[in-house]
Structure formats: C-alpha cells, structure tokens
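A.B. asks: This is the content of target32.cif (mmCIF, C-alpha atoms and all ligand atoms):
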data_model
loop_
_atom_site.label_atom_id
_atom_site.label_comp_id
_atom_site.auth_asym_id
_atom_site.auth_seq_id
_atom_site.Cartn_x
_atom_site.Cartn_y
_atom_site.Cartn_z
CA MET A 216 52.45 96.54 64.17
CA ARG A 217 52.62 99.71 66.23
CA ARG A 218 53.52 103.16 65.04
CA LEU A 219 55.64 104.80 67.73
CA LEU A 220 56.27 108.07 65.87
CA PRO A 221 54.47 110.22 64.84
CA ASP A 222 50.88 109.69 66.07
CA PRO A 223 51.30 106.44 68.07
CA GLY A 224 48.80 103.66 67.35
CA ASP A 225 48.18 100.38 65.55
CA ILE A 226 48.92 100.39 61.81
CA THR A 227 49.73 98.00 58.96
CA VAL A 228 52.67 98.31 56.57
CA SER A 229 50.36 99.06 53.66
CA GLU A 230 48.45 101.74 55.61
CA GLN A 231 51.74 103.39 56.61
CA LEU A 232 53.00 103.45 53.02
CA GLU A 233 49.73 104.55 51.44
CA ALA A 234 50.42 108.24 52.03
CA TYR A 235 54.06 107.92 50.93
CA ARG A 236 54.07 109.23 47.34
CA PRO A 237 57.73 109.83 46.41
CA TRP A 238 56.97 110.10 42.68
CA GLU A 239 55.28 113.43 43.42
CA GLU A 240 58.59 114.91 44.61
CA PRO A 241 61.19 114.46 41.86
CA ARG A 242 64.14 116.84 42.07
CA GLU A 243 64.89 119.01 39.03
CA ASP A 244 67.93 117.02 37.94
CA ARG A 245 67.34 113.61 39.49
CA PRO A 246 64.65 111.37 40.94
CA LEU A 247 63.76 111.45 44.61
CA VAL A 248 66.06 108.72 45.97
CA ALA A 249 65.36 106.41 48.90
CA MET A 250 67.69 103.71 50.23
CA ASN A 251 66.42 100.61 52.02
CA PHE A 252 68.47 98.48 54.41
CA VAL A 253 68.04 95.92 57.15
CA ALA A 254 70.66 95.69 59.88
CA THR A 255 71.33 93.90 63.16
CA VAL A 256 71.52 95.89 66.41
CA ASP A 257 75.32 95.83 66.04
CA GLY A 258 74.88 97.47 62.64
CA ARG A 259 75.74 94.52 60.41
CA ALA A 260 74.17 94.37 56.93
CA THR A 261 74.76 90.65 56.32
CA ILE A 262 74.70 87.32 58.14
CA GLU A 263 76.81 84.75 56.31
CA GLY A 264 77.01 87.01 53.28
CA ARG A 265 73.27 87.61 52.79
CA SER A 266 70.74 90.12 54.06
CA GLY A 267 67.85 87.61 54.16
CA PRO A 268 68.63 86.05 57.58
CA ILE A 269 68.54 89.46 59.31
CA GLY A 270 64.93 90.59 59.00
CA SER A 271 61.52 89.04 59.69
CA ASP A 272 58.62 88.36 57.32
CA THR A 273 57.35 91.84 58.16
CA ASP A 274 60.63 93.28 56.89
CA THR A 275 60.13 91.33 53.66
CA GLU A 276 56.63 92.80 53.43
CA MET A 277 58.02 96.30 53.98
CA LEU A 278 60.53 95.71 51.18
CA ALA A 279 57.89 94.36 48.80
CA ARG A 280 55.45 97.19 49.53
CA LEU A 281 58.12 99.86 49.28
CA ARG A 282 58.85 98.60 45.76
CA THR A 283 55.26 99.40 44.83
CA ARG A 284 55.91 103.14 45.50
CA PHE A 285 58.76 103.73 43.02
CA ASP A 286 59.35 104.07 39.26
CA ALA A 287 62.74 102.33 39.45
CA LEU A 288 64.83 100.11 41.68
CA MET A 289 68.64 100.23 41.84
CA ILE A 290 71.35 97.92 43.24
CA GLY A 291 75.11 97.60 42.94
CA ALA A 292 76.85 94.65 41.32
CA GLY A 293 77.91 93.22 44.71
CA THR A 294 74.29 92.97 45.81
CA MET A 295 73.30 91.40 42.49
CA ARG A 296 76.05 88.79 42.84
CA ALA A 297 75.02 87.96 46.44
CA GLU A 298 71.25 88.15 46.16
CA ARG A 299 70.62 87.13 42.51
CA TYR A 300 67.50 89.17 41.92
CA GLY A 301 64.60 87.87 39.88
CA ARG A 302 62.00 89.75 37.86
CA LEU A 303 60.49 92.46 40.04
CA VAL A 304 56.78 92.18 39.26
CA THR A 305 55.26 88.93 38.10
CA LYS A 306 51.58 89.28 39.11
CA GLN A 307 49.15 90.96 36.71
CA GLU A 308 47.22 92.28 39.73
CA THR A 309 50.35 94.13 40.97
CA ARG A 310 50.96 95.60 37.51
CA GLU A 311 47.40 96.93 37.41
CA ARG A 312 47.59 98.35 40.94
CA ARG A 313 50.80 100.17 40.04
CA GLU A 314 49.22 101.65 36.92
CA GLN A 315 46.16 102.81 38.86
CA THR A 316 48.52 104.65 41.24
CA GLY A 317 50.16 106.39 38.28
CA LEU A 318 53.35 104.29 38.22
CA PRO A 319 54.78 102.18 35.38
CA PRO A 320 53.45 98.56 35.56
CA GLU A 321 56.88 97.29 36.54
CA PRO A 322 59.77 99.29 37.99
CA LEU A 323 62.83 99.78 35.80
CA MET A 324 65.68 97.73 37.31
CA VAL A 325 68.94 99.69 37.44
CA LEU A 326 72.34 98.10 38.09
CA VAL A 327 75.66 99.83 38.78
CA SER A 328 78.75 97.81 37.91
CA GLY A 329 82.39 98.57 37.33
CA ARG A 330 83.45 95.29 35.74
CA LEU A 331 80.16 93.90 34.35
CA ASP A 332 80.95 90.62 36.09
CA LEU A 333 77.32 89.75 36.80
CA PRO A 334 75.39 86.48 37.29
CA TRP A 335 73.85 86.57 33.81
CA GLU A 336 71.97 83.30 34.45
CA ALA A 337 69.98 84.95 37.30
CA PRO A 338 66.22 85.24 36.64
CA LEU A 339 66.43 89.04 36.46
CA PHE A 340 68.20 88.64 33.12
CA THR A 341 66.32 85.63 31.79
CA GLU A 342 62.69 86.47 32.62
CA GLY A 343 62.34 89.51 30.37
CA GLY A 344 62.05 92.52 32.70
CA GLU A 345 63.54 95.86 31.60
CA VAL A 346 67.09 96.35 32.97
CA LEU A 347 69.38 99.37 32.64
CA ILE A 348 73.05 98.93 33.55
CA PHE A 349 75.45 101.78 34.23
CA THR A 350 78.98 100.47 33.88
CA ALA A 351 82.58 101.48 33.41
CA SER A 352 83.32 98.26 31.51
CA GLU A 353 83.70 98.07 27.76
CA THR A 354 82.54 94.45 27.58
CA ASP A 355 79.03 93.51 26.47
CA PRO A 356 76.40 91.37 28.21
CA PRO A 357 76.19 87.85 26.73
CA GLU A 358 73.88 87.38 23.74
CA THR A 359 71.53 85.20 25.83
CA VAL A 360 70.47 88.30 27.75
CA SER A 361 67.68 90.40 26.27
CA SER A 362 65.99 93.69 27.26
CA VAL A 363 69.15 95.09 28.83
CA GLU A 364 70.33 98.61 28.02
CA VAL A 365 73.94 99.50 28.84
CA VAL A 366 75.11 103.06 29.55
CA ARG A 367 78.88 103.40 29.75
CA HIS A 368 80.87 105.86 31.86
CA GLU A 369 84.61 106.22 31.74
CA GLY A 370 86.68 105.00 34.72
CA ALA A 371 83.78 104.63 37.15
CA VAL A 372 80.05 105.29 37.07
CA ASN A 373 79.36 108.94 37.85
CA LEU A 374 76.30 108.56 40.05
CA ARG A 375 75.15 112.18 39.73
CA GLU A 376 75.25 111.79 35.95
CA ALA A 377 73.46 108.44 36.22
CA MET A 378 70.65 110.05 38.27
CA ARG A 379 70.37 112.87 35.71
CA HIS A 380 70.16 110.28 32.92
CA LEU A 381 67.40 108.38 34.72
CA ARG A 382 65.40 111.57 35.30
CA HIS A 383 65.74 113.05 31.83
CA GLU A 384 66.11 110.03 29.51
CA HIS A 385 63.77 107.62 31.30
CA GLY A 386 61.40 109.98 33.16
CA ILE A 387 62.20 108.34 36.51
CA ARG A 388 60.65 110.45 39.27
CA ALA A 389 61.36 108.22 42.28
CA LEU A 390 64.07 105.59 42.70
CA LEU A 391 64.45 103.03 45.49
CA SER A 392 67.96 101.69 46.02
CA GLU A 393 68.36 98.44 47.92
CA GLY A 394 72.10 98.84 48.34
CA GLY A 395 74.55 97.58 48.91
CA PRO A 396 76.87 99.25 51.39
CA HIS A 397 79.49 100.45 48.85
CA LEU A 398 76.93 101.96 46.50
CA HIS A 399 75.17 103.51 49.51
CA ASP A 400 78.39 105.16 50.65
CA GLN A 401 78.87 106.88 47.29
CA MET A 402 75.23 107.91 46.97
CA GLN A 403 75.39 109.54 50.42
CA ALA A 404 78.78 111.13 49.70
CA ASP A 405 77.36 112.65 46.51
CA GLY A 406 74.32 114.02 48.38
CA LEU A 407 71.92 111.91 46.32
CA VAL A 408 69.86 110.25 49.08
CA ASP A 409 66.66 111.83 50.40
CA ASP A 410 65.13 109.02 52.46
CA LEU A 411 66.72 106.11 54.33
CA PHE A 412 64.46 103.20 55.28
CA LEU A 413 66.21 101.14 57.94
CA THR A 414 64.94 98.02 59.64
CA ILE A 415 66.77 97.18 62.87
CA ALA A 416 66.34 93.51 63.74
CA PRO A 417 66.69 92.54 67.41
CA LYS A 418 69.83 90.47 66.78
CA LEU A 419 73.58 90.70 67.35
CA SER A 420 75.75 88.97 64.76
CA GLY A 421 79.30 90.17 65.52
CA GLY A 422 82.13 89.38 63.12
CA ASP A 423 83.31 91.64 60.36
CA ALA A 424 80.26 91.72 58.10
CA PRO A 425 79.73 95.06 56.30
CA ARG A 426 77.71 97.89 57.79
CA ILE A 427 75.06 99.74 55.81
CA VAL A 428 77.67 102.33 54.73
CA GLU A 429 81.08 100.99 53.66
CA GLY A 430 83.58 103.66 52.75
CA PRO A 431 84.45 107.22 53.68
CA LEU A 432 81.92 110.03 53.83
CA PRO A 433 82.98 113.66 53.38
CA GLY A 434 81.70 114.36 56.91
CA VAL A 435 78.97 113.42 59.35
CA ILE A 436 75.56 113.39 57.70
CA GLU A 437 72.72 114.55 59.94
CA LEU A 438 69.41 112.68 59.65
CA GLU A 439 65.90 113.35 60.94
CA LEU A 440 63.60 110.55 62.06
CA ALA A 441 60.43 110.80 59.94
CA TRP A 442 58.66 107.74 61.35
CA LEU A 443 59.27 104.73 63.58
CA LEU A 444 57.25 101.50 63.61
CA GLU A 445 57.68 98.40 65.80
CA GLU A 446 56.67 94.77 65.70
CA ASP A 447 58.02 91.96 67.92
CA GLY A 448 61.02 94.08 68.89
CA GLU A 449 61.94 94.87 65.26
CA LEU A 450 62.13 98.59 64.45
CA PHE A 451 61.22 100.09 61.08
CA ALA A 452 62.55 103.61 60.70
CA ARG A 453 62.36 106.16 57.94
CA TYR A 454 65.06 108.83 58.17
CA ARG A 455 65.24 111.97 56.05
CA ARG A 456 68.39 113.86 55.30
CA SER A 457 68.24 117.13 57.29
N1 LIG A 501 71.29 94.42 54.74
C1 LIG A 501 70.88 94.94 53.63
O1 LIG A 501 69.84 95.60 53.58
C2 LIG A 501 71.70 94.75 52.36
C3 LIG A 501 71.33 95.44 51.20
C4 LIG A 501 72.08 95.25 50.05
C5 LIG A 501 73.16 94.40 50.06
N2 LIG A 501 73.48 93.74 51.19
C6 LIG A 501 74.65 92.84 51.19
O2 LIG A 501 75.81 93.58 50.90
C7 LIG A 501 76.75 92.73 50.25
C8 LIG A 501 77.28 93.41 48.99
O3 LIG A 501 77.96 94.55 49.39
P1 LIG A 501 78.67 95.54 48.36
O4 LIG A 501 78.98 96.77 49.12
O5 LIG A 501 79.76 94.83 47.65
O6 LIG A 501 77.48 95.75 47.34
P2 LIG A 501 77.13 96.87 46.28
O7 LIG A 501 77.32 98.23 46.81
O8 LIG A 501 75.79 96.45 45.80
O9 LIG A 501 78.14 96.58 45.10
C9 LIG A 501 79.42 97.09 45.01
C10 LIG A 501 79.80 97.04 43.55
O10 LIG A 501 78.97 97.93 42.81
C11 LIG A 501 79.71 98.48 41.75
N3 LIG A 501 79.83 99.92 41.93
C12 LIG A 501 79.41 100.65 42.98
N4 LIG A 501 79.63 101.94 42.74
C13 LIG A 501 80.19 102.02 41.51
C14 LIG A 501 80.64 103.11 40.69
N5 LIG A 501 80.55 104.37 41.08
N6 LIG A 501 81.15 102.81 39.47
C15 LIG A 501 81.23 101.54 39.05
N7 LIG A 501 80.82 100.47 39.77
C16 LIG A 501 80.32 100.73 40.98
C17 LIG A 501 81.08 97.81 41.77
O11 LIG A 501 80.86 96.70 40.91
P3 LIG A 501 81.93 95.79 40.20
O12 LIG A 501 82.30 94.79 41.21
O13 LIG A 501 81.19 95.26 39.02
O14 LIG A 501 83.06 96.67 39.80
C18 LIG A 501 81.21 97.42 43.22
O15 LIG A 501 82.09 96.35 43.42
C19 LIG A 501 76.05 91.44 49.94
O16 LIG A 501 76.49 90.48 50.86
C20 LIG A 501 74.59 91.76 50.15
O17 LIG A 501 73.88 90.64 50.61
C21 LIG A 501 72.79 93.91 52.35
#
With the file now loaded, output its structure as structure tokens.

C.D. replies:
Amino acid sequence: MRRLLPDPGDITVSEQLEAYRPWEEPREDRPLVAMNFVATVDGRATIEGRSGPIGSDTDTEMLARLRTRFDALMIGAGTMRAERYGRLVTKQETRERREQTGLPPEPLMVLVSGRLDLPWEAPLFTEGGEVLIFTASETDPPETVSSVEVVRHEGAVNLREAMRHLRHEHGIRALLSEGGPHLHDQMQADGLVDDLFLTIAPKLSGGDAPRIVEGPLPGVIELELAWLLEEDGELFARYRRS
C-alpha cells in the first residue's frame, strides 16, 4: 500500500501501526478511545445489514492489526447481534506478541446494551474470553454463559461513567470501539472519541443503510487528518478530534 500523508511512500499496515501506541496516552478519567469504521463512498456503513461486504482483505488486516494495539475492544448490542463476534485472540503467538508489547494477552471485550437481548450462543460467549457488559437491563445472562461481568446503569448506560469504570476498575488505558453507528453517535456527542479510523471503500451502495454516525450531535465536530493510506483505490484514514 501507499502512504499519501504524511511522508508519502510505500508502507505495510503493520509498519504503519508499529509507531501507534495508544496505551501510552490514557486520559486521567478514561482510556484513550479510538473508533474504527468502514464505509462506502456514499457513506453507508452496511451492505445488506453487514459491514463485511464493504471493505477488502486489506481492511480486514487493518482491523485485525488495530486490535493488537489496544487493551480493550467495545461494541454496541446492535453490532453484536449483526456481526456475532467470536473470541478475540485465539493464537498463542498473538497472545505472546501482545504481552511483549506491554498489553494484556487478550483484549477485554466490552459490550453496551440497553435490553440485554444478545445472541448468547455466539462464540464470544461460549469460547471463554473475558467479557464486560454495561447494561440498563435488570435481567441476567443465561447460566450457560461464563466469564461475563455485568455492570448495571439506571435508564441507559452512561458512557462517561462506563469509560471511568474501565479506566479505574480495570486499568484500561486504550480502548478500540468497532461501533456501531448509534454507539458512535453517543460517544462523539459525549466528547469521548480521540481517534477515528475510517476505511473508505471505492463503492456506492445507495439505499437507506446507516451511516457511521446515526443520531444527533450537539454541533459539528471538527477533525484533523492524521494519516492517509491507499491501496487499489481504497482509502485508510486516521482522523483526530481537533
Ligand atoms: N461499517 C462498519 O464499520 C460498522 C461497524 C459496526 C457496526 N456496523 C453495522 O451497524 C449495524 C448496527 O447498528 P447499530 O447502530 O444498531 O449498532 P450499535 O451502535 O452497535 O448498537 C446499538 C445498540 O447498542 C445499545 N446501546 C447503545 N448505546 C447505549 C446506551 N447509552 N445505553 C444502553 N444501550 C445502548 C442499544 O442496545 P439494546 O438494543 O440492547 O438496547 C442499542 O440498540 C449492523 O448492521 C452492523 O453490521 C457497521
């Protein structure tokens, strides 16, 4: 792939991410937070209800390598229902590489759910990884599910409070959120997002699929372009909140 900005030249995904060390920049009361999305040129975040058909294999590599730079990963319940995540790290080699970098062997998986209506049979819940769920529901996960901790908020999950909890109760220094659009909207509205990784695939999909932000923001949020990479017409941007 080519790096267009800064310092144009050939680069690989892993070389580009090597110097990205978000765990060294936790905020006092929350982790450093990055969001990652893939979108079509017309700004759509799904094709037929999933994000997978939008990006290329290089986008998948970007996603996988980004995960190796964070203490925790977070998604909303809508994304969990659509994408049915599995266990995040399965290879011993990846666990060791993470530990050598100074990260936990496997990222903590964080879910945000109002109703706790989740696909409990999904591999994320059955393969034994550590999962933390922030929810406004008073129901419990089924007994078949192990290694899940539930933190309850009244009415709705207070995301600022959730970030504080992750920083102070779990020592999370850097958190990558993979969406979706409704959770993203609230995280931006609450001023909780530092970095936005956005892949723009050279496709138009039309229709009424969601965009990467779904919901009102308190105003226009200004972003700075921190880097821009390109491969086969696909753009890989990292924006920072100004
Ligand atoms: N293109 C991409 O990069 C990308 C990335 C992620 C997702 N997606 C796509 O986006 C779609 C899902 O969109 P979405 O906006 O519905 O997903 P979402 O943001 O992951 O989930 C929304 C749900 O999260 C819960 N939630 C969010 N904020 C909450 C709060 N403050 N308190 C309590 N619960 C809260 C609610 O769960 P309950 O329903 O439990 O109340 C809400 O319905 C899927 O089709 C997925 O494939 C695309």

A.B. asks: When distances are computed from only C-alpha atoms and all ligand atoms, which of A:Lys418, A:Arg455, A:His397, A:His383 shows the smallest separation from ligand LIG 501 (chain A)?

C.D. replies: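 Using only C-alpha atoms and all ligand atoms, the shortest distance to ligand LIG 501 (chain A) belongs to A:His397.
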
A.B. asks: Which residues are close to Val366 (chain A), i.e. within 10 Å by all atoms listed in the file, leaving aside same-chain residues fewer than 4 positions away? Reply as a ChimeraX atom specification.

C.D. replies: /A:327,347-352,372,377,380

A.B. asks: What does the distance between CA of Arg259 (chain A) and CA of Gly421 (chain A) come to in Å, to one decimal place?

C.D. replies: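 These atoms are spaced 7.6 Å apart.
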
A.B. asks: If I take CA of Asp409 (chain A) and CA of Pro221 (chain A), how far is one from the other in Å, to one decimal?

C.D. replies: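 Spanning CA of Asp409 (chain A) to CA of Pro221 (chain A) is a straight-line distance of 19.0 Å.
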
A.B. asks: Using all atoms listed in the file, which protein or nucleic acid residues come within 10 Å of Ser271 (chain A)? Drop anything in the same chain fewer than 4 positions from it, and give the result as a compact mmCIF listing (two decimals) with C-alpha atoms, keeping the file's coordinate frame.

C.D. replies:
# COMPACT_ATOMS: atom_id res chain seq x y z
CA VAL A 253 68.04 95.92 57.15
CA GLY A 267 67.85 87.61 54.16
CA THR A 275 60.13 91.33 53.66
CA GLU A 276 56.63 92.80 53.43
CA MET A 277 58.02 96.30 53.98
CA THR A 414 64.94 98.02 59.64
CA ALA A 416 66.34 93.51 63.74
CA PRO A 417 66.69 92.54 67.41
CA GLU A 446 56.67 94.77 65.70
CA ASP A 447 58.02 91.96 67.92
CA GLU A 449 61.94 94.87 65.26

A.B. asks: Check every protein, DNA and RNA residue against ligand LIG 501 (chain A), keep those with an atom at most 7 Å away (counting only C-alpha atoms and all ligand atoms), and present them as an MDAnalysis selection string.

C.D. replies: chainID A and resid 251:254 260:261 264:266 290:295 297:298 327:332 350:351 371:374 393:399 401 425 427 429
